[in-house]
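Taking it in order: structure first as structure tokens, then the write-up.
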Amino acid sequence: MNRQLTCVTCGSTYPLEDQRLRCHCGGLLDVQLDMDSAPSPAAFAATFESRLPSRLPPDLSGVWRYRELVLDVPPDDLVTFPEGRTNLYDLDPTPLGLSALWAKHEGENPTGSFKDRGMTVAVSWARHQGARALICASTGNTSASLAAYGARAHIPVFVLIPEGKIAQGKLAQALAYGAHTLQIDGSFDDAMYAVEQMATQRNLTLVNSLNPFRLEGQKTIILDSFFQLGQMLPDWIIVPGGNLGNTSAFGKALIEMKALDLIDRVPRLAVIQAEGASPFARAAQGDFQHFEPMQPETVATAIRIGNPVNYEKAVRAIRFTDGIVTSVTDAEILKAKHDLDRQAIGCEPASAATLAGLRRLTREQVVRPGESVLLIITGNLLKDPDTTIALATGQTAALGIPGAAALDACANEPRHVPSDPETIAGIIEEELQ
Ligand SMILES: Cc1ncc(COP(=O)(O)O)c(C=O)c1O
Ligand SMILES: [Zn+2]
């Protein structure tokens with residue numbers, strides 16, 4: 001299928017190979033698919049399903065399995081682990097009065113977050129284009145993912161991160177996979193501004209979600225869910241919002257699936273932000289007439305973003321899906337994380353914003369009794385061991401979280417015991433009472 005770059009603001013078009021990050025008007029670019037040459041929905045579905053038993057790496061990937069709707073890249077240029085094909089778990093819908101509740105665990109990707117779905121596409125395309133170096137700003141997961149894909153592609157990687165504000169697991173990955181790691185004295189938004197300036201002037205390939213090829217990969221979270229649910233989608237899809245790449249990608253996936261007749265009813269998107277980093281939720285309150293960036297602060301460092309680059313595309317996604325944007329407190333995020341962790345879903349704080357947001361939306365009767373909901377769990381529990389241990393040891397007050405006392409019931413402190421088996425057995429019996 002043919003593709004070109006199209007500006008979402010003014011509609012200008014550019015060849016796919018054009019190495020620009022934005023339109024001449026400053027607008028964001030989409031990889032636009034020529035729908036006229038598309039096969040029937042049944043033919044699409046049959047092609048995608050036919051790849052399930054295949055052992056070929058592109059077919060094993062939960063991204064490249066849908067390549068007709070992702071990108072045409074010569075097989076030798078593909079950089080794939082493979083990624084995607086993450087599990088979709090059933091949760092108990094009854095406490096919230098829902099008919100069904102699922103969690104798709106993007107933390108099961110090779111580097112532990114959904115970023116791998118976007119990165120396989122952005123890095124494969126960069127290799128195809130002969131990139132000399134790859135660069136990103138990151139709250140952590142993008143740097144971990146880029147470091148890994150860059151290493152596989154043998155292309156040097158530079159990552160800019162806000163010093164002291166990324167979770168340890170993510171920093172460990174970037175360092176271990178050999179990325180040149182530059183810690184800046186500023187926020188993610190400062191890092192994002194810097195990399196965009198440099199990429200344009202210095203011929204460095206930027207792979208943040210401003211890069212439209214990233215979003216083509218992240219669309220497959222929706223495609224994967226659709227096929228895992230037996231070719232249907234629920235009433236609601238709930239996702240955390242930071243730089244709003246997923247929000248934009250999900251909106252684009254749903255626009256295309258509707259245009260291709262793969263779906264006839266569009267699910268509603270609910271985007272959940274942390275209260276201290278909620279510029280999109282605030283803009284939504286005024287029906288997106290006005291946008292004001294903010295100084296972000298939240299325990300969910302992955303979404304500690306005050307000036308999301310994908311704003312216009314995210315607004316399009318909310319409008320197309322009749323979606324909703326809301327925010328939750330850090331204490332609500334950590335309580336939801338604890339509740340997901342105890343079901344062995346296990347996630348980093350940003351991902352738990354989904355369940356916290358769902359609770360708020362059912363309380364407010366926005367999500368109604370009997371509806372079905374899919375939560376997108378964006379990152380793995382092991383990404384942020386410090387917060388998990390603080391929660392288990394009743395130390396959340398030290399993280400500066402208002403309402404932390406309400407989290408005391410989440411504690412599961414390790415006990416110091418002597419090494420003698422008799423005493424240990426006695427303690428086990430006592431705990432089993
Ligand atoms: C775990 C996790 N959840 C959510 C997000 C936010 O995603 P987006 O920037 O696509 O809104 C990120 C981004 O870094 C993340 O790492
Ligand atoms: Zn334009």
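We name chains A, B, ... following the order of the structure tokens; residues begin at 1 in each chain, and ligands are numbered from 1 as shown.
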Report task. Give the residue list for ligand 1 at 6 Å, counting only C-alpha atoms and all ligand atoms, as a PyMOL selection string, sorted by chain and then by residue number. Result -> chain A and resi 139+141+240-246+302-303+350-351+378-379
Output as JSON lines one row per residue of chain A within 8 Å of ligand 2: the closest atom pair and its distance in Å to one decimal place, counting only C-alpha atoms and all ligand atoms, sorted by chain and residue number ascending.
{"residue": "A:Thr6", "atom": "CA", "partner": "ligand 2", "partner_atom_place_in_ligand_line": "1 (Zn)", "distance": 7.9}
{"residue": "A:Cys7", "atom": "CA", "partner": "ligand 2", "partner_atom_place_in_ligand_line": "1 (Zn)", "distance": 4.6}
{"residue": "A:Val8", "atom": "CA", "partner": "ligand 2", "partner_atom_place_in_ligand_line": "1 (Zn)", "distance": 6.6}
{"residue": "A:Thr9", "atom": "CA", "partner": "ligand 2", "partner_atom_place_in_ligand_line": "1 (Zn)", "distance": 5.0}
{"residue": "A:Cys10", "atom": "CA", "partner": "ligand 2", "partner_atom_place_in_ligand_line": "1 (Zn)", "distance": 4.0}
{"residue": "A:Gly11", "atom": "CA", "partner": "ligand 2", "partner_atom_place_in_ligand_line": "1 (Zn)", "distance": 5.8}
{"residue": "A:Ser12", "atom": "CA", "partner": "ligand 2", "partner_atom_place_in_ligand_line": "1 (Zn)", "distance": 5.4}
{"residue": "A:Arg22", "atom": "CA", "partner": "ligand 2", "partner_atom_place_in_ligand_line": "1 (Zn)", "distance": 7.7}
{"residue": "A:Cys23", "atom": "CA", "partner": "ligand 2", "partner_atom_place_in_ligand_line": "1 (Zn)", "distance": 4.6}
{"residue": "A:His24", "atom": "CA", "partner": "ligand 2", "partner_atom_place_in_ligand_line": "1 (Zn)", "distance": 5.8}
{"residue": "A:Cys25", "atom": "CA", "partner": "ligand 2", "partner_atom_place_in_ligand_line": "1 (Zn)", "distance": 4.3}
{"residue": "A:Gly26", "atom": "CA", "partner": "ligand 2", "partner_atom_place_in_ligand_line": "1 (Zn)", "distance": 6.1}
{"residue": "A:Gly27", "atom": "CA", "partner": "ligand 2", "partner_atom_place_in_ligand_line": "1 (Zn)", "distance": 4.7}
{"residue": "A:Leu28", "atom": "CA", "partner": "ligand 2", "partner_atom_place_in_ligand_line": "1 (Zn)", "distance": 7.3}
{"residue": "A:Leu29", "atom": "CA", "partner": "ligand 2", "partner_atom_place_in_ligand_line": "1 (Zn)", "distance": 7.9}
May I have the residues from that selection written out with C-alpha atoms, as a compact mmCIF listing (two decimals), in the first residue's frame?
# COMPACT_ATOMS: atom_id res chain seq x y z
CA THR A 6 0.90 14.42 5.57
CA CYS A 7 0.70 17.43 7.86
CA VAL A 8 -2.14 17.14 10.37
CA THR A 9 -2.46 20.95 10.52
CA CYS A 10 -2.37 22.17 6.90
CA GLY A 11 -2.56 18.96 4.86
CA SER A 12 0.74 19.49 2.97
CA ARG A 22 7.60 18.65 11.03
CA CYS A 23 5.76 20.32 8.18
CA HIS A 24 7.03 23.70 6.93
CA CYS A 25 4.09 25.18 8.91
CA GLY A 26 5.34 23.56 12.13
CA GLY A 27 2.53 20.96 12.18
CA LEU A 28 2.95 17.29 13.10
CA LEU A 29 3.35 14.71 10.34
Query raised in the report: A:Arg20, A:Leu233, A:Phe250, A:Arg359: which is nearest Glu196 (chain A), counting only C-alpha atoms?
Result: A:Arg20
Query - Contact residues around Asp76 (chain A) with only C-alpha atoms at 12 Å, ignoring same-chain residues under 4 positions, as a list in words - result: Pro57, Pro58, Asp72, Thr80, Ser124, Trp125, Arg127, His128 and Ala153 of chain A
Can I get the residues of region 232-285 of chain A within 6 Å of region 321-342 of chain A, each with the closest pair of atoms and their distance in Å to one decimal, using only C-alpha atoms, sorted chain first then ascending number, as a Markdown table?
| residue | atom | partner | partner_atom | distance |
| --- | --- | --- | --- | --- |
| A:Arg268 | CA | A:Thr321 | CA | 4.9 |
| A:Leu269 | CA | A:Gly323 | CA | 4.6 |
| A:Ala270 | CA | A:Ile324 | CA | 4.8 |
| A:Val271 | CA | A:Val325 | CA | 4.7 |
| A:Ile272 | CA | A:Thr326 | CA | 5.2 |
| A:Gln273 | CA | A:Ser327 | CA | 4.6 |
| A:Ala274 | CA | A:Val328 | CA | 5.2 |
| A:Glu275 | CA | A:Ser327 | CA | 5.1 |
| A:Ala281 | CA | A:Val325 | CA | 5.1 |
Keeping C-alpha atoms, export the residues of the selection given above as a compact mmCIF listing (two decimals), in the first residue's frame.
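The file below, again_14.txt, is the result:
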# COMPACT_ATOMS: atom_id res chain seq x y z
CA ARG A 268 -14.11 5.41 23.32
CA LEU A 269 -10.60 6.34 24.41
CA ALA A 270 -10.02 7.44 28.00
CA VAL A 271 -6.66 9.10 28.60
CA ILE A 272 -5.51 9.33 32.21
CA GLN A 273 -2.88 11.78 33.41
CA ALA A 274 -1.28 12.30 36.80
CA GLU A 275 -2.75 15.39 38.47
CA ALA A 281 -6.73 16.96 30.94
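Checking A:Ala284, A:Ala103, A:Leu215, A:Ile135 one by one against Ile155 (chain A), counting only C-alpha atoms, you find the shortest gap at A:Ile135.
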**Report entry** Contacts of Ala42 (chain A) within 12 Å, only C-alpha atoms, excl. fewer than 2 positions in-chain, as a VMD selection string
**Finding:** chain A and resid 38 to 40 44 to 50 231 260 to 263
Residues as selected, C-alpha atoms, written as a PDB file, in the first residue's frame, can you do that?
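The file below, result04.pdb, is the result:
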ATOM      1  CA  ALA A  38      -6.588  -1.748   0.453  1.00  0.00           C
ATOM      2  CA  PRO A  39      -7.917  -5.321   0.298  1.00  0.00           C
ATOM      3  CA  SER A  40     -11.244  -6.254   1.894  1.00  0.00           C
ATOM      4  CA  PHE A  44      -6.753  -8.362   5.829  1.00  0.00           C
ATOM      5  CA  ALA A  45      -7.944 -10.451   8.759  1.00  0.00           C
ATOM      6  CA  ALA A  46      -7.130 -13.713   6.936  1.00  0.00           C
ATOM      7  CA  THR A  47      -3.586 -12.499   6.117  1.00  0.00           C
ATOM      8  CA  PHE A  48      -2.877 -11.437   9.690  1.00  0.00           C
ATOM      9  CA  GLU A  49      -4.294 -14.637  11.193  1.00  0.00           C
ATOM     10  CA  SER A  50      -2.430 -16.828   8.684  1.00  0.00           C
ATOM     11  CA  GLN A 231     -12.109  -9.472  16.184  1.00  0.00           C
ATOM     12  CA  LEU A 260     -11.103  -0.191   6.250  1.00  0.00           C
ATOM     13  CA  ASP A 261     -14.350  -1.629   7.689  1.00  0.00           C
ATOM     14  CA  LEU A 262     -12.426  -3.811  10.142  1.00  0.00           C
ATOM     15  CA  ILE A 263     -14.667  -2.286  12.836  1.00  0.00           C
TER      16      ILE A 263
END
Report task. Please identify all polymer residues within 9 Å of Asp116 (chain A), counting only C-alpha atoms, omitting same-chain residues fewer than 3 positions from it, and present them as JSON, numbers by chain. Result -> {"A": [80, 83, 84, 109, 110, 111, 112, 113, 119, 120, 121, 142, 145, 146, 149, 217, 218]}
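Put simply, CA of Gly178 (chain A) is 14.8 Å away from CA of Ile161 (chain A).
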Query raised in the report: Can you list, as an MDAnalysis selection string, every residue of region 247-376 of chain A that DSSP puts in helix (DSSP H, G or I)?
Result: chainID A and resid 247:259 275:277 279:285 301:303 311:321 330:342 349:363
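The nearest approach to Lys252 (chain A) among the residues A:Gln295, A:Glu163, A:Pro349, A:Val70, with only C-alpha atoms taken into account, belongs to A:Val70.
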Query raised in the report: Neighbours of Met198 (chain A) within 12 Å (only C-alpha atoms; same-chain residues fewer than 6 positions away dropped), as a PyMOL selection string?
Result: chain A and resi 21+133-137+158+160+191-192+204-206
Those selected residues, please, written with N, CA and C atoms and delivered as a compact mmCIF listing (two decimals), in the first residue's frame.
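This is the output file selection-v4.txt:
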# COMPACT_ATOMS: atom_id res chain seq x y z
N LEU A 21 11.05 16.44 10.41
CA LEU A 21 10.33 16.07 11.62
C LEU A 21 8.96 16.72 11.67
N ALA A 133 23.31 8.19 13.46
CA ALA A 133 23.14 8.09 14.92
C ALA A 133 21.68 8.31 15.27
N LEU A 134 21.25 7.71 16.40
CA LEU A 134 19.86 7.82 16.85
C LEU A 134 19.84 8.59 18.16
N ILE A 135 18.81 9.42 18.34
CA ILE A 135 18.76 10.24 19.55
C ILE A 135 17.33 10.33 20.06
N CYS A 136 17.18 10.43 21.38
CA CYS A 136 15.84 10.66 21.95
C CYS A 136 15.96 11.40 23.28
N ALA A 137 14.88 12.06 23.65
CA ALA A 137 14.69 12.52 25.02
C ALA A 137 13.83 11.45 25.68
N PHE A 158 22.21 8.05 21.38
CA PHE A 158 22.35 9.11 22.38
C PHE A 158 21.00 9.32 23.05
N LEU A 160 18.88 11.54 26.10
CA LEU A 160 18.87 12.66 27.06
C LEU A 160 17.78 12.39 28.09
N ALA A 191 14.54 18.40 27.72
CA ALA A 191 15.30 17.43 26.92
C ALA A 191 14.68 17.28 25.53
N MET A 192 13.36 17.26 25.50
CA MET A 192 12.64 17.10 24.23
C MET A 192 12.93 18.29 23.32
N LEU A 204 20.86 14.02 13.06
CA LEU A 204 20.70 12.92 14.00
C LEU A 204 19.25 12.44 13.87
N THR A 205 19.03 11.15 13.89
CA THR A 205 17.65 10.66 13.70
C THR A 205 16.92 10.62 15.04
N LEU A 206 15.89 11.44 15.15
CA LEU A 206 15.11 11.54 16.38
C LEU A 206 14.06 10.42 16.40
